[in-house]
Amino acid sequence: MKLPYKYYLLFLLLNFSVLVSQSQTSNFFFTNYTTTQGLPNNYVTSIMQDSRGFLWIATQEGLSRFDGKNFKNFYAAKNDSIVKNNLFSNISEYKKGHLVLNNSEHIICFNTYTEEFYNVPVFGVKPTSLDKQQHGNTYYVNSLNKGYLLNNKLEIIDSINKPPGAEGDDWLHIFYLEGDSVVLQHNGKLFLYNTRQRKYESFPSGFGFSDKNQPSLFYYFDSVKKEIYFSDRPGLCRYSFLTNTTERLTISSNGLPYPQSYINQIISKEKNELWFLTVNGIQILNTVNNTLTNVISNPVKTNSLIFDDVRSGFIDKDNNCWIGTRNGLSKLNANTEKIKSWSEGFMTNSENVLLSVVKGADENMYASVYANKAYQVNIVTGNVAAWQHPLNRYNWNLFTKGDEVIRTGGTNKLLSYNTKTKQFKVLDFLKPYYPDIELITIGFVHSNGDEWYCANHGVGFVRKLANSNIFKTYKKDDGINHFSYGYYTSYTEDKNKDLWFGVNKSNKLLHWVYKTDTFIDIDFYKVKGAENVIYGAINDITHDATGNIWIGFEGSGLIKYNPVSNTAIHYAIADGLPTNYISGLQFDNKNRLWLNTVNGLCCFIVDENKFINFKKEDGLPDDHFTDYCRYFDSAKNQLWVGSNNTLMAFDPDELLKSGKQAFPVYVDEIIINGNRYKDTLQNDLLLSPFQNNLQFHFIGVDLNKGKDIEYSYKLQGADKDWNFSGSNQSASYANIKPGRYLFKVRARHKGENEWIEIKESLQFTIATPWNNSWWFILLVCVAIGFVIWIISRAYYLRRIEKQQATIEKQQAISNERSRIAADMHDDMGAGLSRIRYLSATMKKEIQDDGLKNDFDKLITGSDELVDKMNDIIWLLNSGDETLENVLYYIRSQCSEMLDHANISFEYSLPGIFPGKMISSEEKRNLYLVVKEAVHNVIKHSLATKVNLYVQIDKQLKIIVADNGKGFNAEENKFKGNGLGNYKKRMDMLNGNLDIQSSASGTIISFEVPL
């Protein structure tokens, strides 16, 4: 049956409306959070962001804080006198770090630093709830038949009673308009109130309708357009103060119905955009053209709105939209609006993914799906349409040639689409060269106009020379060319017109030199800077303006290769890449390299040597890129990339603005000896000596890239350098020594070079133990000094006593010596003198010569005994003696001895003597050793002359020299005691003996240290 024309028209219009609806909703890609990700409960009642950047979520089973990575939940303690239960709502920050929120039917506060709940300060009534509306420093509190105005200290500054004549009891809700005007809602009716004049006023005449359906529910005041949105029971209404008119909103200008009931909240997303949060999803109103866009959940898509029953919404500082539902939390990243995307219309699955995208001469984009079809993306309408041709199957690559878009794929024929004539053409000129191939993997036009093709099965390259039917072929090991693989899947042309090829089956790069028409294999294991990398296959290749070749590998990261120096730089996860699996490479017009990866889209800012990563959390509709679907439209500054099933387009500059935003860093928690320190706001902690085991938990707050932050920290006073902790957010220190410390932490996004340091580093002091304190050490030192003094005093007293006893003993000995010397002199001396006198008298009287000789011997022996006795008396008669006196005595004795022997005697003594005192023992040894030397001269040398020299410097040197016959010291070494006595006495004096003897005389030197 043939339908009338008007039905066809109606059918087309209906389909068009469906396409428009799909186009308008296609860019709403949400990131969803539930209890699986850490929420305390999926029923989200309220959302807000505090002054430090944290997102706070109130639920029916707990309060939660979100930093972009983790949820931290807070609950009512058992038998808590402050928190009645875990049902929280209407959160607001009334001063930095302090929240005020509803808890069931009363209001409480929460200290975000100490993480403790507390009652509202200075609040003398029991309100039921605090609404989110806040004007300046004023809060509006709702209660039964009465409302309250609070200042920023949560003190009541005014109250409003229910309107005069208002019927029944009900909560009195307050909604701020502007200036001094507020709207009061009580028992299903709306009232206008002036807070400065403290009186009710009438609404303008145009507010509401003249019928019985009076305004009953207040929804929102648009301060830009001066419009009130409210309900009059039948449906949604809008009143304009500028025109003093009210209109009932039923059908929008694009044919979609307005929500008529169950609007939980209205929020302003953009200047001309209102979001109606309802139990049936979200409706977005463009207030300029009055068009509506529906946003609803789709169970099939994980990135759709998580649930249709929307209870709350919030726009954060980065312009992200957070939606709270009865089944979880949804986040719409601000970048979503910057990214156009297409997923509907492509026949894709886990194996058939978007493979290539090019721009046609008609300004439309063309995309191919691996092993499937090629599509046209209409830039004006946004429609996606498959090529209608039998050969449009098992596609691989697309490239352009003039007005043509040419498809390669699973046949030896090419399919060409002319963007001007809209006609298809089958090209089979490759059939003679590729008779049995399965797939043409590469097709492109060289800058000189030549066409290049490559196919599998080892058939190599076919080159069709420009503007001719002349073909050249290049095959692996054809006797002329030598390259490692039979076919290639990616290519790039550098500034020298050279071609570079790679294949997803090999890690070697193939270089075709334009000037010589030859191929060279590049083995990266032999390239300096890249020789230690374990390589996977090459997925894609590109080049930069300076001639470097960039290669993306399967599992091996990114390589920047310099052909001139044959050197390379390797980039991997440690350098900021989200993964080492790179599937596509594309430069934009500002030397920024965009990388398709299996873990998101990555931008490498080459000039700054840093990576910025984007995933679903950053507004991408999809973040799984397994192929090299990429294209940069320099004329429009638009980058096109294809994930597995979604084609995207965006301005790189706009997307990168969100990736460069700074974020705050805090010390979130301090653990001291295993116990949490409550107040992290306190900056100068004084800890006891035993509170020296500390653990710091730190955090960077970024609601978009919180999962992509890495940290380093330093305890100034203990650490010399920064400690890199990666994604670990804690630092532990044990047995910290007493002293003053400063804990610093810094953070950055992975791939960034610059660190963001905490603004307020944490200072703390560990007190010195009392037994290590200065006063204790001083006291101990004084005590030790006193003890030492006592001991020293006792020691020296004892020593003095001993010395006194020794002196007394020595004095007694000296006295005894003197007595003995005196007795010897008096008794023995007199006796010896008498013997000598008698002997001399008897000698005169005796005539016998023999007896006279005997008396001579007796007289001589008596004289010798007298001399020896005099020596003994001299030695006994005194103790210590000056060196001068000893030397003069030695001189006199030597002179007397030599004079009796008729030997000439000369001496030399110093003019000045040091005031050196020598002991009696030293005196004795010194005297006897010189006397022994003179005695030996007299007795053995036959000398006629003796010289005595005394020299005093640092040592005492006495020289006895004679002109006798001399002797052999070695031969006489063991004869008699003379030489032995010399040595013995000099050892006792710590001196040195030197004997020099010859036929002309002997010189004996005695050296004694002074």
# chains A, B, ... in the order shown; residues from 1 in each chain; ligands from 1
>>> residues_around(residues="Arg393 of chain A", least_positions_apart="6", cutoff="10 Å", atoms="only C-alpha atoms", output="PDB file with N, CA, C and O atoms, in the first residue's frame")
ATOM      1  N   SER A 368      36.868   4.878   8.948  1.00  0.00           N
ATOM      2  CA  SER A 368      36.712   3.464   8.610  1.00  0.00           C
ATOM      3  C   SER A 368      36.781   2.630   9.878  1.00  0.00           C
ATOM      4  O   SER A 368      37.486   2.975  10.829  1.00  0.00           O
ATOM      5  N   VAL A 369      36.038   1.538   9.865  1.00  0.00           N
ATOM      6  CA  VAL A 369      36.035   0.583  10.966  1.00  0.00           C
ATOM      7  C   VAL A 369      36.779  -0.656  10.513  1.00  0.00           C
ATOM      8  O   VAL A 369      36.540  -1.176   9.415  1.00  0.00           O
ATOM      9  N   TYR A 370      37.682  -1.111  11.336  1.00  0.00           N
ATOM     10  CA  TYR A 370      38.497  -2.278  10.984  1.00  0.00           C
ATOM     11  C   TYR A 370      37.612  -3.465  10.612  1.00  0.00           C
ATOM     12  O   TYR A 370      36.687  -3.838  11.329  1.00  0.00           O
ATOM     13  N   ALA A 371      37.928  -4.040   9.429  1.00  0.00           N
ATOM     14  CA  ALA A 371      37.213  -5.220   8.924  1.00  0.00           C
ATOM     15  C   ALA A 371      35.724  -4.975   8.797  1.00  0.00           C
ATOM     16  O   ALA A 371      34.927  -5.914   8.869  1.00  0.00           O
ATOM     17  N   ASN A 372      35.348  -3.700   8.592  1.00  0.00           N
ATOM     18  CA  ASN A 372      33.923  -3.395   8.426  1.00  0.00           C
ATOM     19  C   ASN A 372      33.774  -2.294   7.395  1.00  0.00           C
ATOM     20  O   ASN A 372      34.472  -2.327   6.384  1.00  0.00           O
ATOM     21  N   LYS A 373      32.980  -1.280   7.659  1.00  0.00           N
ATOM     22  CA  LYS A 373      32.623  -0.301   6.642  1.00  0.00           C
ATOM     23  C   LYS A 373      33.338   1.027   6.829  1.00  0.00           C
ATOM     24  O   LYS A 373      33.930   1.307   7.863  1.00  0.00           O
ATOM     25  N   ALA A 374      33.238   1.865   5.784  1.00  0.00           N
ATOM     26  CA  ALA A 374      33.672   3.254   5.836  1.00  0.00           C
ATOM     27  C   ALA A 374      32.436   4.129   5.970  1.00  0.00           C
ATOM     28  O   ALA A 374      31.360   3.792   5.453  1.00  0.00           O
ATOM     29  N   TRP A 387      28.960   4.273   3.713  1.00  0.00           N
ATOM     30  CA  TRP A 387      29.004   4.282   2.257  1.00  0.00           C
ATOM     31  C   TRP A 387      28.104   3.173   1.734  1.00  0.00           C
ATOM     32  O   TRP A 387      28.186   2.019   2.202  1.00  0.00           O
ATOM     33  N   ARG A 407      39.463   4.068  -0.221  1.00  0.00           N
ATOM     34  CA  ARG A 407      39.444   3.048   0.820  1.00  0.00           C
ATOM     35  C   ARG A 407      40.296   1.858   0.396  1.00  0.00           C
ATOM     36  O   ARG A 407      40.277   1.414  -0.743  1.00  0.00           O
ATOM     37  N   THR A 408      41.137   1.336   1.358  1.00  0.00           N
ATOM     38  CA  THR A 408      41.850   0.082   1.140  1.00  0.00           C
ATOM     39  C   THR A 408      41.290  -0.944   2.116  1.00  0.00           C
ATOM     40  O   THR A 408      40.676  -0.602   3.130  1.00  0.00           O
ATOM     41  N   GLY A 409      41.530  -2.216   1.812  1.00  0.00           N
ATOM     42  CA  GLY A 409      40.998  -3.236   2.719  1.00  0.00           C
ATOM     43  C   GLY A 409      41.187  -4.631   2.184  1.00  0.00           C
ATOM     44  O   GLY A 409      42.184  -4.937   1.503  1.00  0.00           O
ATOM     45  N   GLY A 410      40.215  -5.495   2.469  1.00  0.00           N
ATOM     46  CA  GLY A 410      40.342  -6.927   2.216  1.00  0.00           C
ATOM     47  C   GLY A 410      40.068  -7.339   0.794  1.00  0.00           C
ATOM     48  O   GLY A 410      39.224  -8.213   0.559  1.00  0.00           O
ATOM     49  N   THR A 411      40.724  -6.745  -0.163  1.00  0.00           N
ATOM     50  CA  THR A 411      40.648  -7.116  -1.576  1.00  0.00           C
ATOM     51  C   THR A 411      41.777  -6.406  -2.299  1.00  0.00           C
ATOM     52  O   THR A 411      42.394  -5.489  -1.760  1.00  0.00           O
TER      53      THR A 411
END
>>> select_by_dssp(residues="segment 221-403 of chain A", states="helix (DSSP H, G or I)", output="mmCIF file with N, CA, C and O atoms, in the first residue's frame")
data_model
loop_
_atom_site.group_PDB
_atom_site.id
_atom_site.type_symbol
_atom_site.label_atom_id
_atom_site.label_comp_id
_atom_site.auth_asym_id
_atom_site.auth_seq_id
_atom_site.Cartn_x
_atom_site.Cartn_y
_atom_site.Cartn_z
ATOM 1 N N ALA A 334 33.662 19.283 32.837
ATOM 2 C CA ALA A 334 33.504 20.497 32.037
ATOM 3 C C ALA A 334 34.059 20.311 30.630
ATOM 4 O O ALA A 334 33.621 20.976 29.687
ATOM 5 N N ASN A 335 35.031 19.389 30.489
ATOM 6 C CA ASN A 335 35.599 19.147 29.160
ATOM 7 C C ASN A 335 34.608 18.494 28.210
ATOM 8 O O ASN A 335 34.805 18.522 26.993
ATOM 9 N N THR A 336 33.578 17.887 28.747
ATOM 10 C CA THR A 336 32.608 17.191 27.901
ATOM 11 C C THR A 336 32.036 18.118 26.847
ATOM 12 O O THR A 336 31.817 17.726 25.694
ATOM 13 N N GLU A 337 31.788 19.350 27.241
ATOM 14 C CA GLU A 337 31.210 20.303 26.297
ATOM 15 C C GLU A 337 32.225 20.757 25.249
ATOM 16 O O GLU A 337 31.847 21.334 24.227
ATOM 17 N N LYS A 338 33.510 20.513 25.500
ATOM 18 C CA LYS A 338 34.547 20.897 24.549
ATOM 19 C C LYS A 338 34.793 19.798 23.510
ATOM 20 O O LYS A 338 35.503 20.025 22.537
#
>>> residues_around(residues="Leu465 of chain A", least_positions_apart="4", cutoff="7 Å", atoms="only C-alpha atoms", output="PyMOL selection string")
chain A and resi 450-451+469-471
>>> write_last_selection(atoms="N, CA and C atoms", output="PDB file, in the first residue's frame")
ATOM      1  N   ASP A 450      53.372  10.707  -6.209  1.00  0.00           N
ATOM      2  CA  ASP A 450      53.381   9.248  -6.352  1.00  0.00           C
ATOM      3  C   ASP A 450      52.404   8.617  -5.366  1.00  0.00           C
ATOM      4  N   GLU A 451      51.798   7.504  -5.794  1.00  0.00           N
ATOM      5  CA  GLU A 451      50.927   6.739  -4.912  1.00  0.00           C
ATOM      6  C   GLU A 451      51.682   5.510  -4.419  1.00  0.00           C
ATOM      7  N   ASN A 469      50.974   5.826 -15.671  1.00  0.00           N
ATOM      8  CA  ASN A 469      50.615   4.440 -15.370  1.00  0.00           C
ATOM      9  C   ASN A 469      51.876   3.590 -15.210  1.00  0.00           C
ATOM     10  N   ILE A 470      52.941   4.217 -14.775  1.00  0.00           N
ATOM     11  CA  ILE A 470      54.203   3.511 -14.547  1.00  0.00           C
ATOM     12  C   ILE A 470      54.246   3.067 -13.087  1.00  0.00           C
ATOM     13  N   PHE A 471      54.577   1.800 -12.893  1.00  0.00           N
ATOM     14  CA  PHE A 471      54.605   1.234 -11.543  1.00  0.00           C
ATOM     15  C   PHE A 471      56.005   0.730 -11.219  1.00  0.00           C
TER      16      PHE A 471
END
>>> closest_atom_pairs(of="segment 310-402 of chain A", to="segment 640-655 of chain A", cutoff="7 Å", atoms="only C-alpha atoms", output="tab-separated table")
residue	atom	partner	partner_atom	distance
A:Asn335	CA	A:Leu655	CA	6.6
A:Lys338	CA	A:Phe650	CA	6.2
A:Ile339	CA	A:Phe650	CA	4.9
A:Lys340	CA	A:Ala649	CA	5.1
A:Ser341	CA	A:Met648	CA	4.3
A:Trp342	CA	A:Leu647	CA	5.1
A:Ser343	CA	A:Thr646	CA	4.5
A:Thr348	CA	A:Asn645	CA	5.7
A:Val353	CA	A:Asn644	CA	4.5
A:Leu354	CA	A:Asn644	CA	5.5
>>> closest_residue(among="A:Leu87, A:Leu499, A:Leu779, A:Leu415", to="Phe74 of chain A", atoms="only C-alpha atoms")
A:Leu87
>>> residues_around(residues="Thr567 of chain A", least_positions_apart="3", cutoff="10 Å", atoms="only C-alpha atoms", output="NGL selection string")
:A and (524 or 526-531 or 560-564)
>>> closest_residue(among="A:Trp770, A:Tyr907, A:Tyr677, A:Phe110", to="Val960 of chain A", atoms="only C-alpha atoms")
A:Tyr907
>>> residues_around(residues="Tyr200 of chain A", least_positions_apart="3", cutoff="9 Å", atoms="only C-alpha atoms", output="MDAnalysis selection string")
chainID A and resid 163:164 191:195 197
>>> select_by_dssp(residues="segment 170-337 of chain A", states="strand (DSSP E)", output="compact mmCIF listing (two decimals) with N, CA and C atoms, in the first residue's frame")
# COMPACT_ATOMS: atom_id res chain seq x y z
N TRP A 171 5.92 24.05 57.74
CA TRP A 171 7.26 24.62 57.73
C TRP A 171 7.25 25.91 56.94
N LEU A 172 7.94 26.90 57.46
CA LEU A 172 8.08 28.17 56.76
C LEU A 172 9.44 28.17 56.07
N HIS A 173 9.42 28.07 54.74
CA HIS A 173 10.65 28.01 53.94
C HIS A 173 10.97 29.40 53.40
N ILE A 174 12.26 29.75 53.43
CA ILE A 174 12.71 31.06 52.98
C ILE A 174 13.60 30.89 51.75
N PHE A 175 13.33 31.69 50.70
CA PHE A 175 14.11 31.65 49.47
C PHE A 175 14.52 33.08 49.12
N TYR A 176 15.79 33.28 48.90
CA TYR A 176 16.29 34.62 48.60
C TYR A 176 16.03 34.98 47.14
N LEU A 177 15.60 36.24 46.91
CA LEU A 177 15.44 36.76 45.55
C LEU A 177 16.61 37.69 45.25
N GLU A 178 16.52 38.92 45.66
CA GLU A 178 17.60 39.89 45.49
C GLU A 178 17.30 41.08 46.38
N SER A 181 14.55 41.37 49.34
CA SER A 181 13.35 40.57 49.11
C SER A 181 13.63 39.08 49.20
N VAL A 182 12.73 38.38 49.89
CA VAL A 182 12.76 36.93 49.95
C VAL A 182 11.35 36.42 49.67
N VAL A 183 11.28 35.18 49.24
CA VAL A 183 10.00 34.51 49.04
C VAL A 183 9.82 33.52 50.17
N LEU A 184 8.64 33.54 50.78
CA LEU A 184 8.31 32.59 51.84
C LEU A 184 7.30 31.60 51.31
N GLN A 185 7.49 30.36 51.65
CA GLN A 185 6.56 29.30 51.24
C GLN A 185 5.99 28.66 52.49
N HIS A 186 4.64 28.67 52.59
CA HIS A 186 4.00 28.12 53.78
C HIS A 186 2.66 27.50 53.39
N LYS A 189 1.47 27.94 49.76
CA LYS A 189 1.30 29.27 49.21
C LYS A 189 2.63 30.02 49.27
N LEU A 190 2.77 30.99 48.36
CA LEU A 190 3.98 31.81 48.29
C LEU A 190 3.66 33.23 48.72
N PHE A 191 4.66 33.84 49.45
CA PHE A 191 4.51 35.20 49.95
C PHE A 191 5.80 35.96 49.72
N LEU A 192 5.66 37.28 49.51
CA LEU A 192 6.82 38.14 49.31
C LEU A 192 7.07 38.92 50.59
N TYR A 193 8.37 38.96 51.02
CA TYR A 193 8.69 39.59 52.31
C TYR A 193 9.92 40.47 52.15
N ASN A 194 9.87 41.66 52.80
CA ASN A 194 10.99 42.60 52.80
C ASN A 194 11.72 42.47 54.13
N LYS A 199 8.44 43.33 56.75
CA LYS A 199 6.99 43.27 56.52
C LYS A 199 6.73 42.52 55.21
N TYR A 200 5.53 41.96 55.14
CA TYR A 200 5.10 41.26 53.94
C TYR A 200 4.66 42.27 52.90
N GLU A 201 4.90 41.92 51.61
CA GLU A 201 4.50 42.77 50.50
C GLU A 201 3.71 41.94 49.50
N LEU A 217 4.61 26.26 44.93
CA LEU A 217 5.97 25.76 45.16
C LEU A 217 6.98 26.66 44.46
N PHE A 218 7.95 27.15 45.22
CA PHE A 218 9.01 27.97 44.65
C PHE A 218 10.15 27.06 44.23
N TYR A 219 10.69 27.27 42.99
CA TYR A 219 11.79 26.44 42.50
C TYR A 219 13.11 27.20 42.38
N TYR A 220 13.07 28.35 41.70
CA TYR A 220 14.36 28.98 41.36
C TYR A 220 14.12 30.42 40.93
N PHE A 221 15.12 31.28 41.25
CA PHE A 221 15.10 32.65 40.77
C PHE A 221 16.31 32.85 39.86
N ASP A 222 16.04 33.22 38.59
CA ASP A 222 17.08 33.49 37.61
C ASP A 222 17.47 34.96 37.75
N GLU A 227 13.74 36.21 36.57
CA GLU A 227 12.58 35.35 36.40
C GLU A 227 12.47 34.36 37.55
N ILE A 228 11.24 34.10 37.99
CA ILE A 228 10.95 33.12 39.02
C ILE A 228 10.32 31.89 38.37
N TYR A 229 10.85 30.71 38.74
CA TYR A 229 10.25 29.45 38.32
C TYR A 229 9.52 28.86 39.52
N PHE A 230 8.25 28.55 39.31
CA PHE A 230 7.44 28.04 40.41
C PHE A 230 6.38 27.10 39.85
N SER A 231 5.63 26.49 40.74
CA SER A 231 4.54 25.59 40.35
C SER A 231 3.24 26.13 40.89
N LEU A 236 4.56 23.69 35.64
CA LEU A 236 5.66 24.63 35.83
C LEU A 236 5.30 25.97 35.22
N CYS A 237 5.64 27.04 35.99
CA CYS A 237 5.36 28.39 35.53
C CYS A 237 6.62 29.24 35.64
N ARG A 238 6.63 30.33 34.88
CA ARG A 238 7.74 31.27 34.90
C ARG A 238 7.21 32.69 34.90
N TYR A 239 7.64 33.44 35.93
CA TYR A 239 7.23 34.84 36.03
C TYR A 239 8.43 35.72 35.75
N SER A 240 8.23 36.79 34.94
CA SER A 240 9.27 37.74 34.60
C SER A 240 8.99 39.07 35.29
N THR A 245 4.87 39.46 33.63
CA THR A 245 3.96 38.46 33.07
C THR A 245 4.36 37.07 33.56
N THR A 246 3.33 36.17 33.56
CA THR A 246 3.55 34.79 33.96
C THR A 246 3.14 33.89 32.80
N GLU A 247 3.98 32.89 32.52
CA GLU A 247 3.61 31.93 31.48
C GLU A 247 3.72 30.52 32.03
N ARG A 248 2.81 29.70 31.58
CA ARG A 248 2.84 28.28 31.97
C ARG A 248 3.69 27.54 30.94
N LEU A 249 4.71 26.81 31.42
CA LEU A 249 5.65 26.13 30.54
C LEU A 249 5.17 24.70 30.30
N ILE A 263 10.16 18.34 40.55
CA ILE A 263 11.44 19.01 40.31
C ILE A 263 12.11 19.17 41.67
N ASN A 264 13.22 18.48 41.86
CA ASN A 264 13.91 18.53 43.15
C ASN A 264 14.84 19.73 43.30
N GLN A 265 15.39 20.21 42.18
CA GLN A 265 16.31 21.34 42.25
C GLN A 265 16.50 21.90 40.85
N ILE A 266 16.75 23.20 40.78
CA ILE A 266 17.13 23.85 39.52
C ILE A 266 18.46 24.53 39.76
N ILE A 267 19.44 24.25 38.89
CA ILE A 267 20.75 24.87 39.02
C ILE A 267 21.11 25.56 37.71
N SER A 268 21.95 26.57 37.80
CA SER A 268 22.42 27.30 36.63
C SER A 268 23.78 26.75 36.23
N LYS A 269 23.86 26.14 35.05
CA LYS A 269 25.12 25.55 34.58
C LYS A 269 25.95 26.57 33.82
N GLU A 270 25.34 27.27 32.93
CA GLU A 270 26.00 28.33 32.17
C GLU A 270 25.14 29.58 32.27
N GLU A 273 21.76 28.75 30.69
CA GLU A 273 21.42 27.34 30.76
C GLU A 273 20.96 26.97 32.17
N LEU A 274 19.77 26.44 32.28
CA LEU A 274 19.24 25.97 33.55
C LEU A 274 19.04 24.46 33.48
N TRP A 275 19.41 23.79 34.58
CA TRP A 275 19.27 22.34 34.66
C TRP A 275 18.14 22.03 35.64
N PHE A 276 17.09 21.35 35.12
CA PHE A 276 15.99 20.91 35.96
C PHE A 276 16.29 19.48 36.41
N LEU A 277 16.48 19.32 37.70
CA LEU A 277 16.78 17.99 38.25
C LEU A 277 15.48 17.39 38.75
N THR A 278 15.05 16.33 38.10
CA THR A 278 13.74 15.75 38.38
C THR A 278 13.86 14.27 38.70
N GLY A 281 14.98 12.26 35.44
CA GLY A 281 16.19 12.63 34.74
C GLY A 281 16.44 14.13 34.79
N ILE A 282 17.25 14.60 33.85
CA ILE A 282 17.61 16.01 33.80
C ILE A 282 17.07 16.61 32.52
N GLN A 283 16.49 17.80 32.64
CA GLN A 283 16.12 18.57 31.46
C GLN A 283 16.89 19.87 31.48
N ILE A 284 17.59 20.14 30.38
CA ILE A 284 18.43 21.33 30.28
C ILE A 284 17.73 22.35 29.40
N LEU A 285 17.48 23.52 29.98
CA LEU A 285 16.76 24.58 29.28
C LEU A 285 17.73 25.64 28.81
N ASN A 286 17.74 25.88 27.50
CA ASN A 286 18.45 27.02 26.94
C ASN A 286 17.51 28.22 27.04
N THR A 291 14.87 26.00 24.17
CA THR A 291 14.93 24.60 23.75
C THR A 291 15.31 23.74 24.95
N LEU A 292 14.83 22.51 24.93
CA LEU A 292 15.11 21.57 26.01
C LEU A 292 15.96 20.41 25.51
N THR A 293 16.81 19.90 26.39
CA THR A 293 17.59 18.70 26.11
C THR A 293 17.37 17.72 27.26
N ASN A 294 17.01 16.51 26.91
CA ASN A 294 16.79 15.49 27.92
C ASN A 294 18.07 14.71 28.19
N VAL A 295 18.37 14.50 29.42
CA VAL A 295 19.51 13.68 29.82
C VAL A 295 18.97 12.60 30.77
N VAL A 310 16.88 12.13 40.12
CA VAL A 310 17.95 13.06 40.50
C VAL A 310 17.49 13.88 41.71
N ARG A 311 18.32 13.90 42.77
CA ARG A 311 17.95 14.55 44.01
C ARG A 311 18.71 15.84 44.28
N SER A 312 19.89 16.00 43.74
CA SER A 312 20.69 17.19 44.03
C SER A 312 21.69 17.41 42.92
N GLY A 313 22.22 18.65 42.87
CA GLY A 313 23.22 18.98 41.87
C GLY A 313 24.13 20.10 42.36
N PHE A 314 25.32 20.16 41.79
CA PHE A 314 26.28 21.18 42.21
C PHE A 314 27.28 21.41 41.08
N ILE A 315 27.65 22.69 40.88
CA ILE A 315 28.68 23.08 39.91
C ILE A 315 29.92 23.46 40.69
N CYS A 321 29.91 19.44 36.65
CA CYS A 321 28.56 19.32 37.20
C CYS A 321 28.44 17.97 37.91
N TRP A 322 28.08 18.01 39.19
CA TRP A 322 27.91 16.82 40.01
C TRP A 322 26.42 16.59 40.25
N ILE A 323 25.98 15.40 39.95
CA ILE A 323 24.57 15.07 40.05
C ILE A 323 24.39 13.95 41.07
N GLY A 324 23.58 14.22 42.10
CA GLY A 324 23.28 13.20 43.11
C GLY A 324 21.93 12.55 42.83
N THR A 325 21.90 11.25 42.79
CA THR A 325 20.67 10.52 42.52
C THR A 325 20.37 9.56 43.66
N GLY A 328 23.31 6.74 43.27
CA GLY A 328 24.73 7.04 43.08
C GLY A 328 24.97 8.47 42.66
N LEU A 329 26.26 8.76 42.42
CA LEU A 329 26.72 10.10 42.08
C LEU A 329 27.27 10.10 40.66
N SER A 330 26.87 11.10 39.86
CA SER A 330 27.38 11.25 38.49
C SER A 330 28.12 12.57 38.36
N LYS A 331 29.23 12.52 37.62
CA LYS A 331 30.01 13.73 37.37
C LYS A 331 30.08 13.97 35.87
N LEU A 332 29.70 15.18 35.47
CA LEU A 332 29.84 15.60 34.08
C LEU A 332 31.02 16.57 34.01
>>> residues_around(residues="Ile758 of chain A", least_positions_apart="4", cutoff="7 Å", atoms="only C-alpha atoms", output="list in words")
Val665, Tyr666, Lys744, Val745 and Arg746 of chain A
>>> write_last_selection(atoms="C-alpha atoms", output="compact mmCIF listing (two decimals), in the first residue's frame")
# COMPACT_ATOMS: atom_id res chain seq x y z
CA VAL A 665 48.22 20.14 48.62
CA TYR A 666 47.58 19.49 52.31
CA LYS A 744 57.14 19.68 53.45
CA VAL A 745 55.19 17.88 50.77
CA ARG A 746 54.75 18.59 47.09
>>> residues_around(residues="Phe444 of chain A", least_positions_apart="5", cutoff="9 Å", atoms="only C-alpha atoms", output="JSON, numbers by chain")
{"A": [398, 399, 400, 401, 450, 451, 452, 453]}
>>> write_last_selection(atoms="N, CA and C atoms", output="compact mmCIF listing (two decimals), in the first residue's frame")
# COMPACT_ATOMS: atom_id res chain seq x y z
N LEU A 398 41.92 4.61 5.00
CA LEU A 398 41.37 5.64 4.13
C LEU A 398 42.46 6.67 3.85
N PHE A 399 42.50 7.16 2.62
CA PHE A 399 43.39 8.29 2.31
C PHE A 399 42.73 9.13 1.22
N THR A 400 43.22 10.34 1.06
CA THR A 400 42.61 11.26 0.11
C THR A 400 43.56 11.54 -1.05
N LYS A 401 42.93 11.80 -2.19
CA LYS A 401 43.67 12.18 -3.39
C LYS A 401 42.79 13.17 -4.15
N ASP A 450 53.37 10.71 -6.21
CA ASP A 450 53.38 9.25 -6.35
C ASP A 450 52.40 8.62 -5.37
N GLU A 451 51.80 7.50 -5.79
CA GLU A 451 50.93 6.74 -4.91
C GLU A 451 51.68 5.51 -4.42
N TRP A 452 51.58 5.25 -3.13
CA TRP A 452 52.24 4.10 -2.52
C TRP A 452 51.19 3.17 -1.93
N TYR A 453 51.47 1.86 -2.11
CA TYR A 453 50.58 0.84 -1.56
C TYR A 453 51.42 -0.29 -0.98
>>> closest_atom_pairs(of="segment 509-541 of chain A", to="segment 472-487 of chain A", cutoff="9 Å", atoms="only C-alpha atoms", output="JSON lines")
{"residue": "A:Leu509", "atom": "CA", "partner": "A:Ser484", "partner_atom": "CA", "distance": 8.9}
{"residue": "A:Leu510", "atom": "CA", "partner": "A:Phe483", "partner_atom": "CA", "distance": 6.9}
{"residue": "A:Thr518", "atom": "CA", "partner": "A:Asn481", "partner_atom": "CA", "distance": 7.0}
{"residue": "A:Phe519", "atom": "CA", "partner": "A:Asn481", "partner_atom": "CA", "distance": 6.4}
{"residue": "A:Ile520", "atom": "CA", "partner": "A:Phe483", "partner_atom": "CA", "distance": 6.9}
{"residue": "A:Asp521", "atom": "CA", "partner": "A:Phe483", "partner_atom": "CA", "distance": 5.9}
